[in-house]
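Written below as structure tokens is the structure these notes are about.
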Amino acid sequence: MHWYAAEYRMRAWAKWSLRRVRAVGPKAVVLGHPDVDATDLEVGESFKIWSGHRKTVISGGGRIRMGDRVFVNCGTTIIAVQEIVVGDDVAFANEVFVMDSNSHGVEGKPHVQSPVRIGDGTWLGNRAMVLPGVTIGRRVVVAAGAVVTRDVPDDSLVAGNPARVVRSLTYPAGCRRAWHDEWGCPCPKLLAAEADLAAEPA
């Protein structure tokens, strides 16, 4: 009962906290007081953002699109100057940093500004950084502290600075995301819903 009451409060708070967001899917949840002032932000169904011991920030004048069931944990910073696109079922751990611009050039050269794309089901570990122009594939695990400077293929684990592929990842049939928990993983429900749709007469 207490869990449901807390969920209701966080959904009510989400309506206020995300009031300036261009489009918000159903069942959004906000815990704490994040700074969400991006001017062109859309988030999908069951979006969840926590801001606790560290302030969570989603900002910038660029285009930000986040899919369904995206989770943004405490202290994460996402700033778009041009474009950041995040797929479904993506998880940002504590204090992840994602930006599509390095803000300032070096050696008298102009600054770098290039879109960032993060594929469905990817899990970005604690204090990982994603730099401008990077495309991360589906169901990728970005290790804690990794600095992603180049594109990452699907179903792989990357670590280090600069991040490199450590190994390929193998998932059970139907698994949608790199991060898994016993009570909240949406994969079985999503597969069942797709099976029901496929079974319906045309």
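Residues in the structure tokens are numbered from 1 in each chain, the chains being A, B, ... in the order shown, and ligands are numbered from 1 in the order shown.
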
Next item on the list: Quick one: everything within 8 Å of segment 89-101 of chain A, counting only C-alpha atoms, minus sequence neighbours fewer than 6 positions away in the same chain. Send it as a count of residues only.
Entry: 44

Notebook entry, point to check: Where does DSSP see strand (DSSP E or B) in segment 3-199 of chain A, if you list the residues as an MDAnalysis selection string?
Noted result: chainID A and resid 23:24 29:32 35:36 40:43 48:51 57:59 63:66 71:72 77:79 83:86 91:92 97:99 101 113 116:118 123:124 129:130 135:136 141:142 147:148 152 156:159 164:168

Using C-alpha atoms, can you write the selected residues to a file as a PDB file, in the first residue's frame?
```pdb
ATOM      1  CA  ALA A  23       5.715  15.919 -24.778  1.00  0.00           C
ATOM      2  CA  VAL A  24       5.564  13.470 -21.861  1.00  0.00           C
ATOM      3  CA  VAL A  29       7.839   9.447 -12.373  1.00  0.00           C
ATOM      4  CA  VAL A  30      10.060  12.096 -10.756  1.00  0.00           C
ATOM      5  CA  LEU A  31      11.881  11.679  -7.454  1.00  0.00           C
ATOM      6  CA  GLY A  32      13.540  14.763  -5.991  1.00  0.00           C
ATOM      7  CA  ASP A  35      16.614  20.675 -13.360  1.00  0.00           C
ATOM      8  CA  VAL A  36      14.711  19.899 -16.558  1.00  0.00           C
ATOM      9  CA  ASP A  40      13.005  20.797 -27.167  1.00  0.00           C
ATOM     10  CA  LEU A  41      12.571  17.668 -25.044  1.00  0.00           C
ATOM     11  CA  GLU A  42      10.158  14.772 -25.563  1.00  0.00           C
ATOM     12  CA  VAL A  43      10.048  11.664 -23.355  1.00  0.00           C
ATOM     13  CA  LYS A  48      11.686   7.962 -14.690  1.00  0.00           C
ATOM     14  CA  ILE A  49      14.118  10.571 -13.356  1.00  0.00           C
ATOM     15  CA  TRP A  50      15.692  10.703  -9.904  1.00  0.00           C
ATOM     16  CA  SER A  51      17.574  13.627  -8.384  1.00  0.00           C
ATOM     17  CA  VAL A  57      20.148  18.052 -15.222  1.00  0.00           C
ATOM     18  CA  ILE A  58      18.512  17.770 -18.646  1.00  0.00           C
ATOM     19  CA  SER A  59      19.118  21.016 -20.500  1.00  0.00           C
ATOM     20  CA  ARG A  63      16.630  18.480 -29.736  1.00  0.00           C
ATOM     21  CA  ILE A  64      16.364  15.693 -27.118  1.00  0.00           C
ATOM     22  CA  ARG A  65      14.216  12.628 -27.721  1.00  0.00           C
ATOM     23  CA  MET A  66      13.913   9.794 -25.204  1.00  0.00           C
ATOM     24  CA  PHE A  71      15.552   5.781 -16.429  1.00  0.00           C
ATOM     25  CA  VAL A  72      17.810   8.743 -15.514  1.00  0.00           C
ATOM     26  CA  THR A  77      23.783  15.536 -16.882  1.00  0.00           C
ATOM     27  CA  ILE A  78      22.357  15.501 -20.423  1.00  0.00           C
ATOM     28  CA  ILE A  79      22.848  18.696 -22.438  1.00  0.00           C
ATOM     29  CA  GLU A  83      20.580  16.618 -30.959  1.00  0.00           C
ATOM     30  CA  ILE A  84      20.600  13.710 -28.500  1.00  0.00           C
ATOM     31  CA  VAL A  85      18.395  10.700 -29.258  1.00  0.00           C
ATOM     32  CA  VAL A  86      17.882   7.983 -26.644  1.00  0.00           C
ATOM     33  CA  ALA A  91      19.266   3.345 -18.151  1.00  0.00           C
ATOM     34  CA  PHE A  92      21.598   6.139 -17.043  1.00  0.00           C
ATOM     35  CA  PHE A  97      27.508  12.832 -18.557  1.00  0.00           C
ATOM     36  CA  VAL A  98      26.202  13.112 -22.117  1.00  0.00           C
ATOM     37  CA  MET A  99      26.708  16.165 -24.331  1.00  0.00           C
ATOM     38  CA  SER A 101      29.114  19.641 -27.962  1.00  0.00           C
ATOM     39  CA  GLN A 113      29.195  19.787 -32.227  1.00  0.00           C
ATOM     40  CA  VAL A 116      24.628  11.650 -30.051  1.00  0.00           C
ATOM     41  CA  ARG A 117      22.527   8.486 -30.370  1.00  0.00           C
ATOM     42  CA  ILE A 118      22.046   5.820 -27.703  1.00  0.00           C
ATOM     43  CA  TRP A 123      22.954   0.672 -19.773  1.00  0.00           C
ATOM     44  CA  LEU A 124      25.414   3.492 -19.022  1.00  0.00           C
ATOM     45  CA  MET A 129      30.830   9.955 -20.328  1.00  0.00           C
ATOM     46  CA  VAL A 130      29.511  10.052 -23.894  1.00  0.00           C
ATOM     47  CA  THR A 135      26.431   6.431 -31.739  1.00  0.00           C
ATOM     48  CA  ILE A 136      25.990   3.645 -29.188  1.00  0.00           C
ATOM     49  CA  VAL A 141      26.843  -1.952 -21.377  1.00  0.00           C
ATOM     50  CA  VAL A 142      29.055   1.097 -20.859  1.00  0.00           C
ATOM     51  CA  VAL A 147      34.696   7.677 -21.756  1.00  0.00           C
ATOM     52  CA  VAL A 148      32.983   6.868 -25.044  1.00  0.00           C
ATOM     53  CA  VAL A 152      29.911   1.263 -30.198  1.00  0.00           C
ATOM     54  CA  SER A 156      28.862  -5.238 -26.490  1.00  0.00           C
ATOM     55  CA  LEU A 157      30.565  -4.233 -23.245  1.00  0.00           C
ATOM     56  CA  VAL A 158      32.862  -1.210 -23.445  1.00  0.00           C
ATOM     57  CA  ALA A 159      35.209   0.091 -20.768  1.00  0.00           C
ATOM     58  CA  ARG A 164      37.061   0.031 -26.110  1.00  0.00           C
ATOM     59  CA  VAL A 165      35.035  -3.115 -26.694  1.00  0.00           C
ATOM     60  CA  VAL A 166      35.909  -5.642 -23.974  1.00  0.00           C
ATOM     61  CA  ARG A 167      33.659  -8.426 -25.225  1.00  0.00           C
ATOM     62  CA  SER A 168      30.415  -9.212 -26.998  1.00  0.00           C
TER      63      SER A 168
END
```

Next item on the list: Would you work out the distance separating atom CA of Val21 of chain A from atom CA of Glu45 of chain A, expressed in Å to one decimal?
Entry: 13.5 Å

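The spacing separating atom CA of Tyr171 of chain A from atom CA of Pro186 of chain A amounts to 14.6 Å.
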
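Among A:Thr39, A:Arg150, A:His33, A:Gly44, the residue with the shortest atom-to-atom distance to Arg20 of chain A, counting only C-alpha atoms, is A:Thr39.
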
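Our summary of the geometry notes that atom CA of Val134 of chain A is positioned 14.3 Å from atom CA of Asn161 of chain A.
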